[in-house]
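**Q** What follows is entry-v4.pdb, made up of PDB, C-alpha atoms and all ligand atoms:
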```pdb
ATOM      1  CA  MET O   1      -3.407  43.170 -44.168  1.00  0.00           C
ATOM      2  CA  SER O   2      -2.767  46.785 -44.896  1.00  0.00           C
ATOM      3  CA  LYS O   3      -5.179  49.578 -44.347  1.00  0.00           C
ATOM      4  CA  GLN O   4      -5.651  52.405 -46.773  1.00  0.00           C
ATOM      5  CA  HIS O   5      -6.532  55.825 -45.528  1.00  0.00           C
ATOM      6  CA  THR O   6      -6.263  57.903 -48.631  1.00  0.00           C
ATOM      7  CA  GLY O   7      -9.875  58.992 -48.469  1.00  0.00           C
ATOM      8  CA  THR O   8     -10.101  58.947 -52.240  1.00  0.00           C
ATOM      9  CA  SER O   9      -9.895  55.226 -52.965  1.00  0.00           C
ATOM     10  CA  LYS O  10     -13.600  54.566 -52.614  1.00  0.00           C
ATOM     11  CA  ARG O  11     -14.586  56.999 -55.285  1.00  0.00           C
ATOM     12  CA  GLN O  12     -15.887  55.448 -58.468  1.00  0.00           C
ATOM     13  CA  LEU O  13     -16.450  56.766 -61.921  1.00  0.00           C
ATOM     14  CA  GLY O  14     -19.867  58.359 -62.109  1.00  0.00           C
ATOM     15  CA  ASP O  15     -19.842  59.541 -58.500  1.00  0.00           C
ATOM     16  CA  MET O  16     -21.328  62.993 -58.032  1.00  0.00           C
ATOM     17  CA  ASN O  17     -20.337  65.408 -55.313  1.00  0.00           C
ATOM     18  CA  ARG O  18     -22.593  67.854 -53.492  1.00  0.00           C
ATOM     19  CA  ASN O  19     -21.999  70.483 -56.152  1.00  0.00           C
ATOM     20  CA  ASP O  20     -23.167  68.302 -59.058  1.00  0.00           C
ATOM     21  CA  GLN O  21     -19.636  67.610 -60.254  1.00  0.00           C
ATOM     22  CA  VAL O  22     -19.277  64.101 -61.693  1.00  0.00           C
ATOM     23  CA  LEU O  23     -16.094  62.029 -61.733  1.00  0.00           C
ATOM     24  CA  ILE O  24     -15.573  60.723 -65.263  1.00  0.00           C
ATOM     25  CA  ALA O  25     -11.924  59.626 -65.260  1.00  0.00           C
ATOM     26  CA  ARG O  26      -9.009  59.034 -62.912  1.00  0.00           C
ATOM     27  CA  THR O  27      -5.695  59.593 -64.628  1.00  0.00           C
ATOM     28  CA  GLU O  28      -2.125  58.770 -63.642  1.00  0.00           C
ATOM     29  CA  GLU O  29      -1.094  62.373 -64.262  1.00  0.00           C
ATOM     30  CA  PRO O  30       0.377  63.973 -61.108  1.00  0.00           C
ATOM     31  CA  GLY O  31      -1.859  66.657 -59.637  1.00  0.00           C
ATOM     32  CA  THR O  32      -0.777  69.858 -57.922  1.00  0.00           C
ATOM     33  CA  ASP O  33      -1.369  68.533 -54.412  1.00  0.00           C
ATOM     34  CA  HIS O  34       0.865  66.181 -52.455  1.00  0.00           C
ATOM     35  CA  MET O  35       0.581  62.601 -53.766  1.00  0.00           C
ATOM     36  CA  GLN O  36      -2.509  63.445 -55.786  1.00  0.00           C
ATOM     37  CA  LYS O  37      -3.455  62.442 -59.298  1.00  0.00           C
ATOM     38  CA  VAL O  38      -5.493  64.413 -61.749  1.00  0.00           C
ATOM     39  CA  TRP O  39      -9.135  63.399 -61.884  1.00  0.00           C
ATOM     40  CA  VAL O  40     -11.359  64.522 -64.700  1.00  0.00           C
ATOM     41  CA  LEU O  41     -14.696  65.988 -63.671  1.00  0.00           C
ATOM     42  CA  VAL O  42     -17.668  67.152 -65.634  1.00  0.00           C
ATOM     43  CA  CYS O  43     -20.214  69.649 -64.406  1.00  0.00           C
ATOM     44  CA  ALA O  44     -23.741  68.248 -64.368  1.00  0.00           C
ATOM     45  CA  ARG O  45     -25.394  71.385 -63.081  1.00  0.00           C
ATOM     46  CA  ARG O  46     -28.299  72.766 -65.054  1.00  0.00           C
ATOM     47  CA  SER O  47     -29.032  76.421 -65.513  1.00  0.00           C
ATOM     48  CA  GLU O  48     -32.479  77.795 -64.771  1.00  0.00           C
ATOM     49  CA  GLY O  49     -33.195  77.408 -68.450  1.00  0.00           C
ATOM     50  CA  GLY O  50     -32.456  73.693 -68.201  1.00  0.00           C
ATOM     51  CA  ASP O  51     -29.184  73.684 -70.114  1.00  0.00           C
ATOM     52  CA  LEU O  52     -26.510  71.313 -68.862  1.00  0.00           C
ATOM     53  CA  CYS O  53     -23.211  73.070 -68.158  1.00  0.00           C
ATOM     54  CA  GLY O  54     -21.086  70.093 -69.204  1.00  0.00           C
ATOM     55  CA  HIS O  55     -17.782  71.819 -68.472  1.00  0.00           C
ATOM     56  CA  ARG O  56     -14.885  69.350 -68.238  1.00  0.00           C
ATOM     57  CA  TYR O  57     -11.766  70.051 -66.205  1.00  0.00           C
ATOM     58  CA  GLY O  58      -9.100  68.425 -64.072  1.00  0.00           C
ATOM     59  CA  ALA O  59      -8.896  68.424 -60.276  1.00  0.00           C
ATOM     60  CA  ASN O  60      -6.800  66.808 -57.574  1.00  0.00           C
ATOM     61  CA  GLY O  61      -8.462  63.647 -56.336  1.00  0.00           C
ATOM     62  CA  SER O  62      -8.435  64.988 -52.789  1.00  0.00           C
ATOM     63  CA  ASP O  63     -10.498  67.990 -53.876  1.00  0.00           C
ATOM     64  CA  PHE O  64     -13.256  66.050 -55.578  1.00  0.00           C
ATOM     65  CA  HIS O  65     -15.742  66.073 -52.694  1.00  0.00           C
ATOM     66  CA  GLN O  66     -15.772  69.864 -52.485  1.00  0.00           C
ATOM     67  CA  ARG O  67     -15.007  70.861 -56.060  1.00  0.00           C
ATOM     68  CA  LYS O  68     -17.042  73.546 -57.747  1.00  0.00           C
ATOM     69  CA  CYS O  69     -17.331  74.185 -61.450  1.00  0.00           C
ATOM     70  CA  PRO O  70     -14.858  76.844 -62.654  1.00  0.00           C
ATOM     71  CA  ARG O  71     -17.385  77.966 -65.223  1.00  0.00           C
ATOM     72  CA  CYS O  72     -20.760  78.222 -63.491  1.00  0.00           C
ATOM     73  CA  GLN O  73     -20.020  78.009 -59.761  1.00  0.00           C
ATOM     74  CA  ASP O  74     -17.020  80.321 -59.401  1.00  0.00           C
ATOM     75  CA  GLY O  75     -14.799  77.348 -58.543  1.00  0.00           C
ATOM     76  CA  MET O  76     -11.024  77.504 -58.785  1.00  0.00           C
ATOM     77  CA  PRO O  77      -9.619  77.140 -62.308  1.00  0.00           C
ATOM     78  CA  GLY O  78      -9.369  73.490 -63.269  1.00  0.00           C
ATOM     79  CA  LEU O  79      -6.138  71.624 -63.939  1.00  0.00           C
ATOM     80  CA  SER O  80      -5.236  70.963 -67.541  1.00  0.00           C
ATOM     81  CA  ILE O  81      -6.677  67.795 -69.028  1.00  0.00           C
ATOM     82  CA  GLU O  82      -5.001  68.357 -72.372  1.00  0.00           C
ATOM     83  CA  GLY O  83      -4.094  64.973 -73.778  1.00  0.00           C
ATOM     84  CA  LEU O  84      -5.601  63.085 -70.836  1.00  0.00           C
ATOM     85  CA  VAL O  85      -9.085  62.479 -72.168  1.00  0.00           C
TER      86      VAL O  85
HETATM   87 ZN    ZN R   1     -20.641  74.181 -64.595  1.00  0.00          ZN
END
```
Now that the file is in, can you turn its structure into structure tokens?

**A**
Amino acid sequence: MSKQHTGTSKRQLGDMNRNDQVLIARTEEPGTDHMQKVWVLVCARRSEGGDLCGHRYGANGSDFHQRKCPRCQDGMPGLSIEGLV
């Protein structure tokens, strides 16, 4: 039996990280980090007015747990998801 220690394999679609970023797709597109694939996240944070941000962007799978929204949380610019979703 082989053991996997990627740290990202247990993540499922719909998982939300501590910054309200939700995983909506895992693509086969290479990310910018070593051995990483592009994951598509959507921001589920609401403004004080109650509006959902809803910003969609790409991120390396290894960054998911700490990712912040590029639009409303001053996160790093997302990876391109052009043609992926
Ligand atoms: Zn946002």

**Q** Listing only residues of stretch 37-77 of chain O within 10 Å of stretch 10-19 of chain O, what is the closest atom pair and its distance in Å (to one decimal) for each, using all atoms listed in the file, sorted by chain and residue number ascending, as CSV?

**A**
```
residue,atom,partner,partner_atom,distance
O:Trp39,CA,O:Leu13,CA,9.9
O:Val40,CA,O:Leu13,CA,9.7
O:Leu41,CA,O:Met16,CA,9.2
O:Val42,CA,O:Met16,CA,9.4
O:Cys43,CA,O:Asn19,CA,8.5
O:Ala44,CA,O:Met16,CA,8.6
O:Arg45,CA,O:Asn19,CA,7.8
O:Gly61,CA,O:Arg11,CA,9.1
O:Phe64,CA,O:Asn17,CA,7.1
O:His65,CA,O:Asn17,CA,5.3
O:Gln66,CA,O:Asn17,CA,7.0
O:Arg67,CA,O:Asn19,CA,7.0
O:Lys68,CA,O:Asn19,CA,6.0
O:Cys69,CA,O:Asn19,CA,8.0
O:Gln73,CA,O:Asn19,CA,8.6
```

**Q** Extract, using only C-alpha atoms, all DNA, RNA and protein residues at most 9 Å from O:Val85, discarding same-chain residues fewer than 4 positions from it, and format them as a ChimeraX atom specification.

**A** /O:25,27,40,81

**Q** Write the residues of the preceding selection, restricted to C-alpha atoms, as a compact mmCIF listing (two decimals), keeping the file's coordinate frame.

**A**
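That gives us selection35.txt:
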```
# COMPACT_ATOMS: atom_id res chain seq x y z
CA ALA O 25 -11.92 59.63 -65.26
CA THR O 27 -5.70 59.59 -64.63
CA VAL O 40 -11.36 64.52 -64.70
CA ILE O 81 -6.68 67.80 -69.03
```

**Q** Using Å and a single decimal, report how far atom CA of O:Ser62 sits from atom CA of O:Gln36.

**A**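 Atom-to-atom, atom CA of O:Gln36 to atom CA of O:Ser62, that is 6.8 Å.
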
**Q** If the PyMOL selection byres (((chain O and resi 38) around 6) and not hetatm) is run on the structure shown, which residues does it catch, given as number ranges by chain?

**A** O: 27, 29-31, 37, 39, 58-60

**Q** Return as lines of an AutoDock Vina configuration file the centre and edge lengths, in Å with one decimal, of the box along x, y and z that encloses every atom of stretch 43-54 of chain O in the file, padded by 4 Å per side.

**A**
```
center_x = -26.7
center_y = 73.0
center_z = -66.6
size_x = 21.0
size_y = 17.5
size_z = 15.0
```

**Q** Quick one: of O:Leu52, O:Cys72, O:Val22, O:Leu84, who's nearest to ligand ZN 1 (chain R), counting all atoms listed in the file?

**A**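 Between O:Leu52, O:Cys72, O:Val22, O:Leu84, the residue approaching ligand ZN 1 (chain R) most closely is O:Cys72.
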
**Q** Atom CA of O:His34 and atom CA of O:Gly54 are how many Å apart?

**A**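 Taking atom CA of O:His34 as the start and atom CA of O:Gly54 as the end point, the length is 27.9 Å.
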
**Q** Pick out the closest residue to ligand ZN 1 (chain R) from this set: O:Asp63, O:Gly83, O:Arg71, O:Gly49. Count only C-alpha atoms and all ligand atoms.

**A**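 Under the stated criterion, the closest residue is O:Arg71.
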
**Q** Rank nothing, just name the residue among O:Glu48, O:Cys53, O:Arg26, O:Asp33 nearest to ligand ZN 1 (chain R), using all atoms listed in the file.

**A** O:Cys53

**Q** What does the distance from atom ZN of ligand ZN 1 (chain R) to atom CA of O:Gly50 come to in Å, to one decimal?

**A**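 Distance between the two atoms: 12.4 Å.
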
**Q** Using all atoms listed in the file, can you tell me which of O:Glu82, O:Pro77, O:Ser9, O:Asp20 comes closest to ligand ZN 1 (chain R)?

**A** O:Asp20

**Q** Would you save stretch 16-60 of chain O to a file, keeping C-alpha atoms, as a PDB file, in the first residue's frame?

**A**
```
ATOM      1  CA  MET O  16     -14.603  26.225   2.297  1.00  0.00           C
ATOM      2  CA  ASN O  17     -11.420  27.577   3.796  1.00  0.00           C
ATOM      3  CA  ARG O  18     -11.104  29.921   6.761  1.00  0.00           C
ATOM      4  CA  ASN O  19     -11.409  32.938   4.492  1.00  0.00           C
ATOM      5  CA  ASP O  20     -14.754  31.893   2.980  1.00  0.00           C
ATOM      6  CA  GLN O  21     -13.182  30.750  -0.276  1.00  0.00           C
ATOM      7  CA  VAL O  22     -14.987  27.738  -1.753  1.00  0.00           C
ATOM      8  CA  LEU O  23     -13.427  25.080  -3.974  1.00  0.00           C
ATOM      9  CA  ILE O  24     -15.644  24.636  -7.027  1.00  0.00           C
ATOM     10  CA  ALA O  25     -13.395  22.780  -9.479  1.00  0.00           C
ATOM     11  CA  ARG O  26     -10.073  20.964  -9.663  1.00  0.00           C
ATOM     12  CA  THR O  27      -8.551  21.179 -13.109  1.00  0.00           C
ATOM     13  CA  GLU O  28      -5.667  19.347 -14.759  1.00  0.00           C
ATOM     14  CA  GLU O  29      -4.087  22.659 -15.739  1.00  0.00           C
ATOM     15  CA  PRO O  30      -0.570  23.026 -14.267  1.00  0.00           C
ATOM     16  CA  GLY O  31      -0.371  25.679 -11.567  1.00  0.00           C
ATOM     17  CA  THR O  32       2.531  28.005 -10.845  1.00  0.00           C
ATOM     18  CA  ASP O  33       3.796  25.997  -7.880  1.00  0.00           C
ATOM     19  CA  HIS O  34       5.795  22.781  -7.989  1.00  0.00           C
ATOM     20  CA  MET O  35       3.584  19.815  -8.950  1.00  0.00           C
ATOM     21  CA  GLN O  36       0.421  21.822  -8.393  1.00  0.00           C
ATOM     22  CA  LYS O  37      -2.735  21.990 -10.453  1.00  0.00           C
ATOM     23  CA  VAL O  38      -5.024  24.929 -10.861  1.00  0.00           C
ATOM     24  CA  TRP O  39      -8.062  24.834  -8.609  1.00  0.00           C
ATOM     25  CA  VAL O  40     -10.994  27.111  -9.208  1.00  0.00           C
ATOM     26  CA  LEU O  41     -12.266  28.981  -6.170  1.00  0.00           C
ATOM     27  CA  VAL O  42     -15.201  31.248  -5.633  1.00  0.00           C
ATOM     28  CA  CYS O  43     -15.436  33.858  -2.920  1.00  0.00           C
ATOM     29  CA  ALA O  44     -18.418  33.328  -0.632  1.00  0.00           C
ATOM     30  CA  ARG O  45     -17.760  36.322   1.566  1.00  0.00           C
ATOM     31  CA  ARG O  46     -20.579  38.781   2.061  1.00  0.00           C
ATOM     32  CA  SER O  47     -20.149  42.500   2.366  1.00  0.00           C
ATOM     33  CA  GLU O  48     -21.707  44.381   5.256  1.00  0.00           C
ATOM     34  CA  GLY O  49     -24.592  45.118   2.947  1.00  0.00           C
ATOM     35  CA  GLY O  50     -25.166  41.396   2.478  1.00  0.00           C
ATOM     36  CA  ASP O  51     -23.986  41.136  -1.115  1.00  0.00           C
ATOM     37  CA  LEU O  52     -22.106  37.982  -2.043  1.00  0.00           C
ATOM     38  CA  CYS O  53     -18.716  38.709  -3.608  1.00  0.00           C
ATOM     39  CA  GLY O  54     -18.834  35.697  -5.929  1.00  0.00           C
ATOM     40  CA  HIS O  55     -15.433  36.385  -7.477  1.00  0.00           C
ATOM     41  CA  ARG O  56     -14.047  33.350  -9.323  1.00  0.00           C
ATOM     42  CA  TYR O  57     -10.333  32.785  -9.818  1.00  0.00           C
ATOM     43  CA  GLY O  58      -7.671  30.110 -10.047  1.00  0.00           C
ATOM     44  CA  ALA O  59      -5.213  29.093  -7.331  1.00  0.00           C
ATOM     45  CA  ASN O  60      -2.610  26.410  -6.756  1.00  0.00           C
TER      46      ASN O  60
END
```
